[in-house]
Amino acid sequence: MSKIVSTEEVLGGAPRIEGRRIGVHHIARRVIDAGKSPEQVAADYRLDIADVHRALTYYYDNPDEMREIQSEHRTVPDELSVIRGPQDLEGVTQSEPEA
């Protein structure tokens, strides 16, 4: 069984399962957003089921921190743009590849 840790040099300091590069937000996304069972997530990541539940407990016990981490992962760098549909392509020119 592992504990939840945060170290700046791994996952940018996001809370994760000790000894792994699996963030609490990764597990929460799979269970809460994707509807996977904790057992399936544990099997997919080769974790103890207790580690998945510990990550989910951390997620629910720290909602402000988790919202901040999720918003950081959803932002688009300034040099990129988001294209959601054809209307976003209007006026965009594409350079020709050099021959």
# chains A, B, ... in the order shown; residues from 1 in each chain; ligands from 1
>>> select_by_dssp(residues="range 3-95 of chain A", states="helix (DSSP H, G or I)", output="PyMOL selection string")
chain A and resi 11-13+24-33+38-45+49-61+63-74+86-89
>>> residues_around(residues="range 43-59 of chain A", least_positions_apart="4", cutoff="12 Å", atoms="only C-alpha atoms", output="VMD selection string")
chain A and resid 1 to 6 14 to 32 36 to 39 63 to 70
>>> write_last_selection(atoms="N, CA and C atoms", output="mmCIF file, in the first residue's frame")
data_model
loop_
_atom_site.group_PDB
_atom_site.id
_atom_site.type_symbol
_atom_site.label_atom_id
_atom_site.label_comp_id
_atom_site.auth_asym_id
_atom_site.auth_seq_id
_atom_site.Cartn_x
_atom_site.Cartn_y
_atom_site.Cartn_z
ATOM 1 N N MET A 1 0.832 -1.169 0.000
ATOM 2 C CA MET A 1 0.000 0.000 0.000
ATOM 3 C C MET A 1 0.887 1.246 0.000
ATOM 4 N N SER A 2 0.551 2.199 -0.856
ATOM 5 C CA SER A 2 1.333 3.417 -0.982
ATOM 6 C C SER A 2 0.563 4.605 -0.442
ATOM 7 N N LYS A 3 1.295 5.677 -0.152
ATOM 8 C CA LYS A 3 0.623 6.892 0.295
ATOM 9 C C LYS A 3 0.614 7.917 -0.836
ATOM 10 N N ILE A 4 -0.124 8.988 -0.654
ATOM 11 C CA ILE A 4 -0.186 10.067 -1.625
ATOM 12 C C ILE A 4 0.914 11.065 -1.288
ATOM 13 N N VAL A 5 1.720 11.405 -2.286
ATOM 14 C CA VAL A 5 2.827 12.337 -2.092
ATOM 15 C C VAL A 5 2.793 13.408 -3.175
ATOM 16 N N SER A 6 3.491 14.499 -2.922
ATOM 17 C CA SER A 6 3.664 15.572 -3.906
ATOM 18 C C SER A 6 5.123 15.990 -3.902
ATOM 19 N N ALA A 14 1.933 17.761 -8.646
ATOM 20 C CA ALA A 14 0.567 17.266 -8.438
ATOM 21 C C ALA A 14 0.613 16.032 -7.540
ATOM 22 N N PRO A 15 -0.380 15.860 -6.673
ATOM 23 C CA PRO A 15 -0.386 14.684 -5.801
ATOM 24 C C PRO A 15 -0.466 13.400 -6.619
ATOM 25 N N ARG A 16 0.294 12.412 -6.169
ATOM 26 C CA ARG A 16 0.392 11.159 -6.918
ATOM 27 C C ARG A 16 0.586 10.011 -5.949
ATOM 28 N N ILE A 17 0.504 8.817 -6.471
ATOM 29 C CA ILE A 17 0.746 7.626 -5.662
ATOM 30 C C ILE A 17 2.251 7.452 -5.516
ATOM 31 N N GLU A 18 2.705 7.311 -4.296
ATOM 32 C CA GLU A 18 4.137 7.200 -4.007
ATOM 33 C C GLU A 18 4.783 6.094 -4.829
ATOM 34 N N GLY A 19 5.924 6.419 -5.418
ATOM 35 C CA GLY A 19 6.665 5.442 -6.203
ATOM 36 C C GLY A 19 6.168 5.293 -7.624
ATOM 37 N N ARG A 20 5.148 6.031 -8.004
ATOM 38 C CA ARG A 20 4.570 5.943 -9.334
ATOM 39 C C ARG A 20 4.369 7.342 -9.899
ATOM 40 N N ARG A 21 4.252 7.425 -11.209
ATOM 41 C CA ARG A 21 3.939 8.696 -11.869
ATOM 42 C C ARG A 21 2.449 8.726 -12.233
ATOM 43 N N ILE A 22 1.634 8.231 -11.324
ATOM 44 C CA ILE A 22 0.192 8.191 -11.529
ATOM 45 C C ILE A 22 -0.429 9.184 -10.558
ATOM 46 N N GLY A 23 -0.935 10.276 -11.127
ATOM 47 C CA GLY A 23 -1.509 11.322 -10.303
ATOM 48 C C GLY A 23 -2.903 10.977 -9.804
ATOM 49 N N VAL A 24 -3.240 11.596 -8.687
ATOM 50 C CA VAL A 24 -4.591 11.465 -8.149
ATOM 51 C C VAL A 24 -5.604 11.873 -9.220
ATOM 52 N N HIS A 25 -5.277 12.945 -9.961
ATOM 53 C CA HIS A 25 -6.206 13.423 -10.998
ATOM 54 C C HIS A 25 -6.366 12.406 -12.128
ATOM 55 N N HIS A 26 -5.331 11.606 -12.410
ATOM 56 C CA HIS A 26 -5.452 10.558 -13.426
ATOM 57 C C HIS A 26 -6.477 9.499 -12.986
ATOM 58 N N ILE A 27 -6.367 9.100 -11.741
ATOM 59 C CA ILE A 27 -7.275 8.078 -11.228
ATOM 60 C C ILE A 27 -8.696 8.614 -11.153
ATOM 61 N N ALA A 28 -8.841 9.834 -10.651
ATOM 62 C CA ALA A 28 -10.181 10.428 -10.548
ATOM 63 C C ALA A 28 -10.819 10.558 -11.923
ATOM 64 N N ARG A 29 -10.037 10.957 -12.910
ATOM 65 C CA ARG A 29 -10.572 11.106 -14.270
ATOM 66 C C ARG A 29 -11.094 9.761 -14.792
ATOM 67 N N ARG A 30 -10.361 8.697 -14.535
ATOM 68 C CA ARG A 30 -10.775 7.372 -15.028
ATOM 69 C C ARG A 30 -12.025 6.866 -14.307
ATOM 70 N N VAL A 31 -12.088 7.083 -12.988
ATOM 71 C CA VAL A 31 -13.214 6.558 -12.215
ATOM 72 C C VAL A 31 -14.427 7.477 -12.330
ATOM 73 N N ILE A 32 -14.233 8.761 -12.096
ATOM 74 C CA ILE A 32 -15.357 9.691 -12.034
ATOM 75 C C ILE A 32 -15.822 10.105 -13.429
ATOM 76 N N LYS A 36 -15.114 4.197 -15.115
ATOM 77 C CA LYS A 36 -14.463 2.900 -14.875
ATOM 78 C C LYS A 36 -14.607 2.535 -13.401
ATOM 79 N N SER A 37 -14.639 1.266 -13.115
ATOM 80 C CA SER A 37 -14.701 0.837 -11.716
ATOM 81 C C SER A 37 -13.318 0.986 -11.091
ATOM 82 N N PRO A 38 -13.263 1.221 -9.779
ATOM 83 C CA PRO A 38 -11.957 1.278 -9.111
ATOM 84 C C PRO A 38 -11.141 0.003 -9.347
ATOM 85 N N GLU A 39 -11.811 -1.139 -9.401
ATOM 86 C CA GLU A 39 -11.111 -2.396 -9.650
ATOM 87 C C GLU A 39 -10.462 -2.418 -11.026
ATOM 88 N N PRO A 63 -10.851 19.330 -2.635
ATOM 89 C CA PRO A 63 -11.514 19.772 -3.873
ATOM 90 C C PRO A 63 -10.893 21.017 -4.506
ATOM 91 N N ASP A 64 -10.446 21.965 -3.711
ATOM 92 C CA ASP A 64 -9.853 23.185 -4.284
ATOM 93 C C ASP A 64 -8.555 22.867 -5.023
ATOM 94 N N GLU A 65 -7.715 22.067 -4.413
ATOM 95 C CA GLU A 65 -6.451 21.669 -5.047
ATOM 96 C C GLU A 65 -6.717 20.887 -6.334
ATOM 97 N N MET A 66 -7.678 19.997 -6.308
ATOM 98 C CA MET A 66 -7.984 19.187 -7.488
ATOM 99 C C MET A 66 -8.547 20.043 -8.620
ATOM 100 N N ARG A 67 -9.399 21.026 -8.283
ATOM 101 C CA ARG A 67 -9.914 21.935 -9.318
ATOM 102 C C ARG A 67 -8.788 22.722 -9.967
ATOM 103 N N GLU A 68 -7.845 23.171 -9.158
ATOM 104 C CA GLU A 68 -6.702 23.926 -9.689
ATOM 105 C C GLU A 68 -5.858 23.051 -10.618
ATOM 106 N N ILE A 69 -5.597 21.833 -10.231
ATOM 107 C CA ILE A 69 -4.808 20.918 -11.061
ATOM 108 C C ILE A 69 -5.537 20.622 -12.364
ATOM 109 N N GLN A 70 -6.835 20.372 -12.283
ATOM 110 C CA GLN A 70 -7.606 20.105 -13.491
ATOM 111 C C GLN A 70 -7.611 21.304 -14.427
#
>>> atom_distance(atom1="CA of Glu90 in chain A", atom2="CA of Ser71 in chain A")
27.5 Å
>>> atom_distance(atom1="CA of Gly35 in chain A", atom2="CA of Gly85 in chain A")
26.5 Å
>>> atom_distance(atom1="CA of Gln87 in chain A", atom2="CA of Ala34 in chain A")
28.4 Å
